[in-house]
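A.B. asks: Provided herewith: input.cif, mmCIF, C-alpha atoms.
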```
data_start
#
loop_
_atom_site.label_atom_id
_atom_site.label_comp_id
_atom_site.auth_asym_id
_atom_site.auth_seq_id
_atom_site.Cartn_x
_atom_site.Cartn_y
_atom_site.Cartn_z
CA MET A 1209 0.00 0.00 0.00
CA SER A 1210 1.39 3.44 -0.92
CA ILE A 1211 0.92 6.91 0.54
CA ARG A 1212 0.89 10.03 -1.66
CA VAL A 1213 1.67 13.64 -0.75
CA LEU A 1214 1.43 16.74 -2.94
CA HIS A 1215 3.82 19.57 -2.08
CA LEU A 1216 3.35 23.25 -2.95
CA SER A 1217 5.51 26.16 -1.93
CA ASP A 1218 5.73 29.90 -2.41
CA LEU A 1219 2.20 30.62 -3.63
CA HIS A 1220 2.67 34.37 -3.01
CA ALA A 1221 -1.08 34.94 -3.12
CA GLY A 1222 -1.96 38.56 -3.80
CA LYS A 1223 0.88 39.27 -6.19
CA ARG A 1224 -0.38 37.77 -9.44
CA GLU A 1225 -3.61 35.81 -9.48
CA GLU A 1226 -4.25 33.36 -12.31
CA GLY A 1227 -7.37 31.23 -12.43
CA ALA A 1228 -5.93 28.79 -14.95
CA VAL A 1229 -3.19 27.76 -12.52
CA ALA A 1230 -5.74 27.07 -9.78
CA GLU A 1231 -7.78 24.93 -12.18
CA ALA A 1232 -4.70 22.98 -13.20
CA LEU A 1233 -3.81 22.43 -9.53
CA ALA A 1234 -7.27 21.04 -8.84
CA ALA A 1235 -6.87 18.70 -11.81
CA ALA A 1236 -3.46 17.55 -10.51
CA VAL A 1237 -4.94 16.80 -7.09
CA GLU A 1238 -7.76 14.84 -8.68
CA ARG A 1239 -5.32 12.87 -10.82
CA PHE A 1240 -2.70 12.17 -8.17
CA ASP A 1241 -5.17 11.68 -5.27
CA PRO A 1242 -2.85 12.69 -2.38
CA ALA A 1243 -3.62 11.83 1.21
CA LEU A 1244 -2.09 15.16 2.24
CA VAL A 1245 -1.25 18.52 0.68
CA VAL A 1246 1.82 20.24 2.14
CA ALA A 1247 2.23 24.01 1.65
CA SER A 1248 5.72 24.99 2.77
CA GLY A 1249 5.45 28.72 3.30
CA ASP A 1250 5.16 32.04 1.52
CA LEU A 1251 1.48 31.35 1.02
CA THR A 1252 0.99 35.12 0.75
CA HIS A 1253 3.10 37.90 -0.68
CA ARG A 1254 3.00 40.35 2.25
CA GLY A 1255 0.98 38.59 4.95
CA ARG A 1256 -2.09 40.78 4.47
CA PRO A 1257 -5.57 39.50 5.36
CA ALA A 1258 -6.86 39.83 1.79
CA GLN A 1259 -3.90 37.79 0.55
CA TYR A 1260 -4.57 35.16 3.18
CA ASP A 1261 -8.15 35.05 1.87
CA GLY A 1262 -6.83 34.00 -1.53
CA ALA A 1263 -4.32 31.48 -0.23
CA GLU A 1264 -6.79 29.88 2.16
CA ALA A 1265 -9.52 29.67 -0.49
CA LEU A 1266 -7.18 27.98 -2.95
CA LEU A 1267 -5.79 25.45 -0.49
CA ARG A 1268 -9.11 24.54 1.11
CA SER A 1269 -10.77 24.20 -2.31
CA LEU A 1270 -8.56 21.17 -2.92
CA GLY A 1271 -10.62 19.19 -0.43
CA ARG A 1272 -7.63 17.37 1.11
CA PRO A 1273 -6.02 17.42 4.54
CA LEU A 1274 -3.50 20.25 4.75
CA LEU A 1275 -0.18 20.75 6.49
CA CYS A 1276 0.88 24.40 6.20
CA VAL A 1277 3.93 26.14 7.64
CA PRO A 1278 4.71 29.87 7.41
CA GLY A 1279 7.35 31.49 5.23
CA ASN A 1280 9.14 34.80 5.60
CA HIS A 1281 6.50 36.50 3.41
CA ASP A 1282 3.63 35.33 5.65
CA ILE A 1283 4.27 37.79 8.47
CA PRO A 1284 3.68 41.56 8.65
CA PHE A 1285 6.30 43.50 6.74
CA LEU A 1286 6.91 46.22 9.36
CA PRO A 1287 7.22 46.37 13.16
CA PRO A 1288 5.72 46.36 15.68
CA ALA A 1289 3.27 43.83 14.18
CA ARG A 1290 6.13 41.93 12.53
CA VAL A 1291 7.47 40.97 15.96
CA ALA A 1292 4.51 41.30 18.30
CA ARG A 1293 1.95 39.47 16.09
CA ALA A 1294 4.17 37.73 13.57
CA PHE A 1295 2.15 34.54 13.17
CA ALA A 1296 -1.28 35.61 14.42
CA GLU A 1297 -2.93 35.74 10.99
CA PHE A 1298 -1.31 32.52 9.83
CA GLU A 1299 -2.47 30.67 12.94
CA ARG A 1300 -5.97 32.10 12.65
CA ARG A 1301 -6.26 30.68 9.14
CA PHE A 1302 -4.31 27.42 9.31
CA GLY A 1303 -3.93 26.59 12.99
CA ALA A 1304 -0.55 25.99 14.61
CA ALA A 1305 2.57 27.24 12.86
CA GLU A 1306 4.12 23.85 13.67
CA PRO A 1307 1.36 21.35 12.88
CA VAL A 1308 1.51 17.57 13.04
CA VAL A 1309 -0.58 15.32 10.79
CA ARG A 1310 -0.96 11.64 11.61
CA GLN A 1311 -2.57 9.34 9.10
CA SER A 1312 -2.43 5.67 8.34
CA GLY A 1313 1.03 5.19 6.88
CA LEU A 1314 2.18 8.80 7.44
CA VAL A 1315 3.44 11.13 10.16
CA ALA A 1316 4.13 14.66 8.92
CA VAL A 1317 5.70 17.32 11.16
CA GLY A 1318 5.75 21.03 10.34
CA LEU A 1319 8.55 23.29 11.59
CA ASN A 1320 8.47 27.09 11.65
CA SER A 1321 11.85 28.28 10.36
CA VAL A 1322 10.88 31.97 10.06
CA ARG A 1323 12.83 34.48 12.16
CA PRO A 1324 10.84 37.75 12.27
CA TRP A 1325 13.93 39.85 12.98
CA ARG A 1326 15.44 38.69 9.67
CA HIS A 1327 14.07 39.47 6.24
CA GLN A 1328 14.85 36.18 4.49
CA SER A 1329 17.11 33.89 6.48
CA GLY A 1330 15.69 31.17 8.70
CA GLY A 1331 16.65 28.93 11.55
CA LEU A 1332 15.44 26.30 14.01
CA ARG A 1333 15.94 26.19 17.76
CA GLN A 1334 17.05 23.07 19.58
CA ALA A 1335 13.65 22.80 21.26
CA GLN A 1336 11.95 22.66 17.86
CA LEU A 1337 14.22 19.86 16.70
CA GLU A 1338 13.62 17.93 19.91
CA ARG A 1339 9.87 18.27 19.52
CA ALA A 1340 10.08 17.04 15.92
CA ALA A 1341 12.25 14.14 17.04
CA ALA A 1342 9.69 13.10 19.63
CA GLU A 1343 6.91 13.10 17.03
CA LEU A 1344 8.97 11.16 14.49
CA SER A 1345 10.23 8.65 17.03
CA ALA A 1346 6.65 7.85 18.04
CA ALA A 1347 5.57 7.08 14.46
CA PRO A 1348 4.32 3.54 13.86
CA ASP A 1349 6.59 1.09 12.09
CA GLY A 1350 6.39 1.52 8.35
CA ALA A 1351 4.88 5.02 8.44
CA LEU A 1352 6.50 7.59 6.18
CA ARG A 1353 8.20 10.19 8.38
CA LEU A 1354 8.00 13.61 6.68
CA VAL A 1355 9.22 17.01 7.89
CA ALA A 1356 8.18 20.29 6.24
CA LEU A 1357 9.66 23.76 6.69
CA HIS A 1358 10.08 26.84 4.53
CA HIS A 1359 13.82 27.45 4.36
CA HIS A 1360 15.95 25.19 2.20
CA LEU A 1361 18.64 22.86 3.48
CA VAL A 1362 20.44 22.29 0.17
CA GLY A 1363 21.72 24.79 -2.35
CA ALA A 1364 19.92 26.08 -5.40
CA PRO A 1365 20.99 24.64 -8.77
CA TRP A 1366 20.41 27.95 -10.53
CA ARG A 1367 20.60 31.62 -9.60
CA SER A 1368 19.75 32.42 -6.01
CA ARG A 1369 21.30 34.63 -3.34
CA LYS A 1370 19.11 33.24 -0.59
CA ARG A 1371 20.98 31.68 2.27
CA PRO A 1372 19.91 28.21 3.45
CA LEU A 1373 18.69 27.37 6.92
CA ALA A 1374 21.16 28.41 9.60
CA ARG A 1375 23.16 25.46 10.97
CA ARG A 1376 21.53 23.26 8.39
CA ALA A 1377 23.95 20.36 8.87
CA ASP A 1378 23.09 20.16 12.56
CA ALA A 1379 19.37 20.36 11.84
CA LEU A 1380 19.54 17.67 9.19
CA ALA A 1381 21.61 15.40 11.42
CA ALA A 1382 19.09 15.77 14.24
CA LEU A 1383 16.19 14.93 11.94
CA ALA A 1384 18.09 11.95 10.53
CA ARG A 1385 18.72 10.58 14.04
CA ALA A 1386 15.00 10.93 14.74
CA GLY A 1387 14.14 8.80 11.72
CA ALA A 1388 13.03 11.42 9.19
CA GLU A 1389 12.83 9.97 5.69
CA LEU A 1390 11.70 12.99 3.67
CA VAL A 1391 12.46 16.65 4.45
CA VAL A 1392 10.67 19.15 2.19
CA ALA A 1393 11.02 22.92 1.83
CA GLY A 1394 10.73 25.86 -0.56
CA HIS A 1395 11.99 29.47 -0.45
CA ILE A 1396 14.29 29.39 -3.51
CA HIS A 1397 11.58 28.76 -6.16
CA GLN A 1398 13.63 25.94 -7.68
CA HIS A 1399 13.27 22.19 -7.81
CA VAL A 1400 15.94 20.25 -5.94
CA VAL A 1401 15.92 16.61 -4.89
CA CYS A 1402 18.77 14.58 -3.44
CA GLU A 1403 19.63 11.98 -0.85
CA ARG A 1404 21.66 13.12 2.14
CA ARG A 1405 24.66 11.09 1.03
CA ASP A 1406 24.75 13.05 -2.22
CA PHE A 1407 26.44 15.86 -0.31
CA GLU A 1408 27.43 14.58 3.15
CA ALA A 1409 29.77 11.62 3.61
CA ASP A 1410 29.96 9.32 6.64
CA VAL A 1411 26.50 10.18 7.89
CA GLU A 1412 25.11 8.51 10.96
CA GLY A 1413 22.88 5.48 10.51
CA GLU A 1414 21.92 3.73 7.31
CA ARG A 1415 18.41 5.00 6.62
CA THR A 1416 17.53 6.90 3.47
CA LEU A 1417 16.88 10.61 4.00
CA VAL A 1418 15.56 12.44 0.94
CA VAL A 1419 15.73 16.24 0.83
CA ALA A 1420 13.36 17.92 -1.64
CA ILE A 1421 12.53 21.51 -2.54
CA ALA A 1422 9.42 22.37 -4.53
CA PRO A 1423 9.51 24.84 -7.43
CA GLY A 1424 7.68 28.08 -6.73
CA PHE A 1425 3.95 27.72 -7.35
CA GLY A 1426 3.42 31.45 -7.79
CA ARG A 1427 5.47 33.84 -9.88
CA PRO A 1428 5.96 37.04 -7.89
CA ARG A 1429 8.91 38.19 -10.00
CA PRO A 1430 7.63 39.26 -13.42
CA HIS A 1431 11.18 40.06 -14.54
CA ARG A 1432 12.06 36.37 -14.22
CA GLU A 1433 9.79 35.13 -16.94
CA ARG A 1434 11.85 31.98 -17.44
CA GLU A 1435 11.60 30.87 -13.83
CA ALA A 1436 9.71 27.56 -13.82
CA ARG A 1437 6.57 27.14 -11.73
CA GLY A 1438 5.54 23.81 -10.37
CA LEU A 1439 4.94 21.38 -7.53
CA ASN A 1440 6.32 18.11 -6.19
CA LEU A 1441 4.57 14.77 -5.90
CA TYR A 1442 5.76 12.18 -3.38
CA GLU A 1443 4.77 8.53 -3.22
CA ALA A 1444 6.06 5.94 -0.77
CA ASP A 1445 5.39 2.26 -0.33
CA GLU A 1446 7.11 -0.31 1.86
CA THR A 1447 10.35 -0.25 -0.14
CA THR A 1448 10.57 2.94 -2.20
CA ILE A 1449 10.18 6.74 -2.07
CA VAL A 1450 9.39 8.31 -5.44
CA VAL A 1451 9.75 12.06 -6.03
CA ARG A 1452 8.16 13.55 -9.14
CA SER A 1453 8.54 17.17 -10.21
CA ALA A 1454 5.71 18.73 -12.20
CA VAL A 1455 5.98 22.10 -13.93
CA TRP A 1456 3.40 24.47 -15.39
CA HIS A 1457 3.37 24.25 -19.18
CA ASP A 1458 0.66 24.91 -21.75
CA GLY A 1459 -2.13 25.10 -19.21
CA SER A 1460 -1.37 22.09 -17.01
CA PHE A 1461 1.17 20.64 -14.60
CA ARG A 1462 3.29 18.06 -16.37
CA VAL A 1463 5.66 15.63 -14.68
CA LEU A 1464 9.12 16.22 -16.12
CA ALA A 1465 11.38 14.39 -13.67
CA GLU A 1466 11.24 11.37 -11.40
CA ARG A 1467 13.70 9.97 -8.89
CA ARG A 1468 13.40 6.78 -6.84
CA PHE A 1469 15.05 6.08 -3.50
CA PRO A 1470 15.01 2.82 -1.53
CA ARG A 1471 13.55 3.19 1.95
CA GLY A 1472 15.39 2.26 5.09
CA ALA A 1473 18.63 0.32 5.32
CA ALA A 1474 18.18 -1.04 1.80
CA ALA A 1475 19.71 2.21 0.55
CA LEU A 1476 23.18 0.93 1.37
#
```
Take the structure I supplied and represent it as structure tokens, if you would.
C.D. replies:
Amino acid sequence: MSIRVLHLSDLHAGKREEGAVAEALAAAVERFDPALVVASGDLTHRGRPAQYDGAEALLRSLGRPLLCVPGNHDIPFLPPARVARAFAEFERRFGAAEPVVRQSGLVAVGLNSVRPWRHQSGGLRQAQLERAAAELSAAPDGALRLVALHHHLVGAPWRSRKRPLARRADALAALARAGAELVVAGHIHQHVVCERRDFEADVEGERTLVVAIAPGFGRPRPHREREARGLNLYEADETTIVVRSAVWHDGSFRVLAERRFPRGAAAL
């Protein structure tokens, strides 16, 4: 039996609205039939209530369970609200900024990597990693252990000046020790997928840990007309994790890439 997850990131609702993209997303959800939709931050462009209206309407229209975490664009742009009420609107719309979803065959943990005193960079505190570890460690045998956050843990393959998560190696090592199998993020508007051993030798343990970044779903930068828009599709069964990247082209989301990873110790 397999479990499927659809992953969106960087919607930037309120910047450029396009009905055709929403229709294509609904068609992709219908076709792929995910048990969960993950939205890994920057759901809005400036964290305004009207922009949250659009993001919430789009995500809830999909009719699937949601796991949403905030991005650096989802908080007020200026103080004092940026610090005093940074996540109030997000939590009012989507619940906790660090949600946990438990389903048959899946435990998904959201982490809030936004630091309101920084414009773009993100980080995680030790207490957040310990909480995630407790949730992952308690997952039933065989359940896919997924972690979602906004800030990326691997570098962009194309142009990007955005810095990855602070102390990313420590964060990734902590999640690996806790049994995470799939860590997903956004922020850089580019598709990236790799296994931890692609970039880090002599890692602890022998379990597969896949790191994936979804392409930007929205296009807030009109001067980057060639920046691809898309989403990721994940599917896991007892032995394999499959990552598919779909991009917006000619009115629909088309799968252009697929990578397969063995689950558990079979990776080595």
A.B. asks: For a quick check of understanding, using all atoms listed in the file, which of A:Ala1292, A:Leu1267, A:Leu1275, A:Ala1228 has the smallest distance to A:Pro1324?
C.D. replies: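 Between A:Ala1292, A:Leu1267, A:Leu1275, A:Ala1228, the residue approaching A:Pro1324 most closely is A:Ala1292.
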A.B. asks: Write out as a PyMOL selection string which residues come within 8 Å of A:Val1400 when counting all atoms listed in the file, dropping same-chain ones fewer than 4 positions away.
C.D. replies: chain A and resi 1362+1364-1365+1419-1422
A.B. asks: Find the spatial neighbours of A:Arg1427, counting only C-alpha atoms, within a cut-off of 9 Å - ignore same-chain residues fewer than 4 positions away - and output them as a list in words.
C.D. replies: Asp1218, Leu1219, His1220, Lys1223, Arg1224, His1397, Arg1432, Glu1433, Glu1435, Ala1436 and Arg1437 of chain A
A.B. asks: Atom CA of A:Arg1452 to atom CA of A:Glu1238: how many Å, to one decimal?
C.D. replies: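 Going from atom CA of A:Arg1452 over to atom CA of A:Glu1238 covers 16.0 Å.
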A.B. asks: Determine, counting all atoms listed in the file, every residue of protein, DNA or RNA that lies within 10 Å of (13.8, 13.1, -4.5) in the file coordinates, then give the result as a list in words.
C.D. replies: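 Here the neighbourhood of the point contains Leu1390, Val1391, Val1392, His1399, Val1400, Val1401, Cys1402, Glu1403, Leu1417, Val1418, Val1419, Ala1420, Ile1421, Asn1440, Leu1441, Tyr1442, Ile1449, Val1450, Val1451, Arg1452, Ser1453, Ala1465, Glu1466, Arg1467, Arg1468 and Phe1469 of chain A.
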A.B. asks: Emit the selected residues as a short mmCIF file (atom, residue, chain, number, x, y, z; two decimals), in the frame of the given file, including C-alpha atoms.
C.D. replies:
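Below is the file that was written, selection_39.cif:
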```
data_model
loop_
_atom_site.label_atom_id
_atom_site.label_comp_id
_atom_site.auth_asym_id
_atom_site.auth_seq_id
_atom_site.Cartn_x
_atom_site.Cartn_y
_atom_site.Cartn_z
CA LEU A 1390 11.70 12.99 3.67
CA VAL A 1391 12.46 16.65 4.45
CA VAL A 1392 10.67 19.15 2.19
CA HIS A 1399 13.27 22.19 -7.81
CA VAL A 1400 15.94 20.25 -5.94
CA VAL A 1401 15.92 16.61 -4.89
CA CYS A 1402 18.77 14.58 -3.44
CA GLU A 1403 19.63 11.98 -0.85
CA LEU A 1417 16.88 10.61 4.00
CA VAL A 1418 15.56 12.44 0.94
CA VAL A 1419 15.73 16.24 0.83
CA ALA A 1420 13.36 17.92 -1.64
CA ILE A 1421 12.53 21.51 -2.54
CA ASN A 1440 6.32 18.11 -6.19
CA LEU A 1441 4.57 14.77 -5.90
CA TYR A 1442 5.76 12.18 -3.38
CA ILE A 1449 10.18 6.74 -2.07
CA VAL A 1450 9.39 8.31 -5.44
CA VAL A 1451 9.75 12.06 -6.03
CA ARG A 1452 8.16 13.55 -9.14
CA SER A 1453 8.54 17.17 -10.21
CA ALA A 1465 11.38 14.39 -13.67
CA GLU A 1466 11.24 11.37 -11.40
CA ARG A 1467 13.70 9.97 -8.89
CA ARG A 1468 13.40 6.78 -6.84
CA PHE A 1469 15.05 6.08 -3.50
#
```
A.B. asks: Could you check the closest approach to A:Val1237 for each of A:Gly1279, A:Phe1461, A:Ala1316, A:Met1209 and tell me which residue wins, using all atoms listed in the file?
C.D. replies: A:Phe1461
A.B. asks: Run the PyMOL selection byres ((chain A and resi 1448) around 6) mentally over the shown coordinates, then write out the matched residues as a VMD selection string, using the chain letters and numbers from the document.
C.D. replies: chain A and resid 1444 to 1445 1447 1449 1469 to 1471
A.B. asks: Given the PyMOL selection byres ((chain A and resi 1317-1319) around 6) and the file above, list the residues it selects as a PDB file with C-alpha atoms, in the coordinates of the input.
C.D. replies:
```pdb
ATOM      1  CA  GLU A1306       4.120  23.850  13.670  1.00  0.00           C
ATOM      2  CA  PRO A1307       1.360  21.350  12.880  1.00  0.00           C
ATOM      3  CA  VAL A1308       1.510  17.570  13.040  1.00  0.00           C
ATOM      4  CA  ALA A1316       4.130  14.660   8.920  1.00  0.00           C
ATOM      5  CA  ASN A1320       8.470  27.090  11.650  1.00  0.00           C
ATOM      6  CA  VAL A1355       9.220  17.010   7.890  1.00  0.00           C
ATOM      7  CA  ALA A1356       8.180  20.290   6.240  1.00  0.00           C
ATOM      8  CA  LEU A1357       9.660  23.760   6.690  1.00  0.00           C
TER       9      LEU A1357
END
```
A.B. asks: Taking all atoms listed in the file into account, name the residue in A:Trp1325, A:Val1277, A:Pro1288, A:Gly1424 that is nearest to A:Ala1304.
C.D. replies: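 Going through A:Trp1325, A:Val1277, A:Pro1288, A:Gly1424 one by one, the smallest distance to A:Ala1304 is for A:Val1277.
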A.B. asks: Taking only C-alpha atoms into account, name the residue in A:Arg1404, A:Pro1372, A:Trp1456, A:Leu1464 that is nearest to A:Glu1231.
C.D. replies: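 Counting only C-alpha atoms, the residue closest to A:Glu1231 is A:Trp1456.
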A.B. asks: For this structure, which residues satisfy the selection - the PyMOL selection byres ((chain A and resi 1250) around 8) - when it is evaluated on the file as given? I want them as a PyMOL selection string.
C.D. replies: chain A and resi 1217-1220+1248-1249+1251-1253+1278-1282+1358+1395
A.B. asks: Which residue out of A:Leu1344, A:Arg1254, A:Glu1297, A:Arg1376 has the minimum interatomic distance to A:His1327 when all atoms listed in the file are used?
C.D. replies: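 The answer is A:Arg1254, which sits nearest to A:His1327.
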A.B. asks: So which one's closest to A:Ala1243, A:Val1455, A:Ile1211, A:Leu1216, A:Ala1341? Using all atoms listed in the file, please.
C.D. replies: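 Closest residue, counting all atoms listed in the file: A:Ile1211.
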A.B. asks: Using all atoms listed in the file and a cutoff of 12 Å, can you tell me which residues are near (-1.7, 8.3, 11.7) in the file's coordinates, and write them out as a VMD selection string?
C.D. replies: chain A and resid 1211 1243 to 1244 1308 to 1317 1343 to 1344 1346 to 1353
A.B. asks: Pull C-alpha atoms from the residues just selected and write them as a PDB file, in the coordinates of the input.
C.D. replies:
```
ATOM      1  CA  ILE A1211       0.920   6.910   0.540  1.00  0.00           C
ATOM      2  CA  ALA A1243      -3.620  11.830   1.210  1.00  0.00           C
ATOM      3  CA  LEU A1244      -2.090  15.160   2.240  1.00  0.00           C
ATOM      4  CA  VAL A1308       1.510  17.570  13.040  1.00  0.00           C
ATOM      5  CA  VAL A1309      -0.580  15.320  10.790  1.00  0.00           C
ATOM      6  CA  ARG A1310      -0.960  11.640  11.610  1.00  0.00           C
ATOM      7  CA  GLN A1311      -2.570   9.340   9.100  1.00  0.00           C
ATOM      8  CA  SER A1312      -2.430   5.670   8.340  1.00  0.00           C
ATOM      9  CA  GLY A1313       1.030   5.190   6.880  1.00  0.00           C
ATOM     10  CA  LEU A1314       2.180   8.800   7.440  1.00  0.00           C
ATOM     11  CA  VAL A1315       3.440  11.130  10.160  1.00  0.00           C
ATOM     12  CA  ALA A1316       4.130  14.660   8.920  1.00  0.00           C
ATOM     13  CA  VAL A1317       5.700  17.320  11.160  1.00  0.00           C
ATOM     14  CA  GLU A1343       6.910  13.100  17.030  1.00  0.00           C
ATOM     15  CA  LEU A1344       8.970  11.160  14.490  1.00  0.00           C
ATOM     16  CA  ALA A1346       6.650   7.850  18.040  1.00  0.00           C
ATOM     17  CA  ALA A1347       5.570   7.080  14.460  1.00  0.00           C
ATOM     18  CA  PRO A1348       4.320   3.540  13.860  1.00  0.00           C
ATOM     19  CA  ASP A1349       6.590   1.090  12.090  1.00  0.00           C
ATOM     20  CA  GLY A1350       6.390   1.520   8.350  1.00  0.00           C
ATOM     21  CA  ALA A1351       4.880   5.020   8.440  1.00  0.00           C
ATOM     22  CA  LEU A1352       6.500   7.590   6.180  1.00  0.00           C
ATOM     23  CA  ARG A1353       8.200  10.190   8.380  1.00  0.00           C
TER      24      ARG A1353
END
```
A.B. asks: Write out as number ranges by chain which residues come within 7 Å of A:Ala1294 when counting only C-alpha atoms, dropping same-chain ones fewer than 5 positions away.
C.D. replies: A: 1283-1284, 1289, 1324
A.B. asks: What gap, in Å, lies between atom CA of A:Leu1354 and atom CA of A:Lys1370?
C.D. replies: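 Calculated distance between atom CA of A:Leu1354 and atom CA of A:Lys1370 is 23.7 Å.
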A.B. asks: Name the residues in contact with A:Leu1270 at a cut-off of 10 Å, using all atoms listed in the file, excluding same-chain residues fewer than 3 positions from it; report them as number ranges by chain.
C.D. replies: A: 1230, 1233-1238, 1245, 1265-1267, 1273-1274
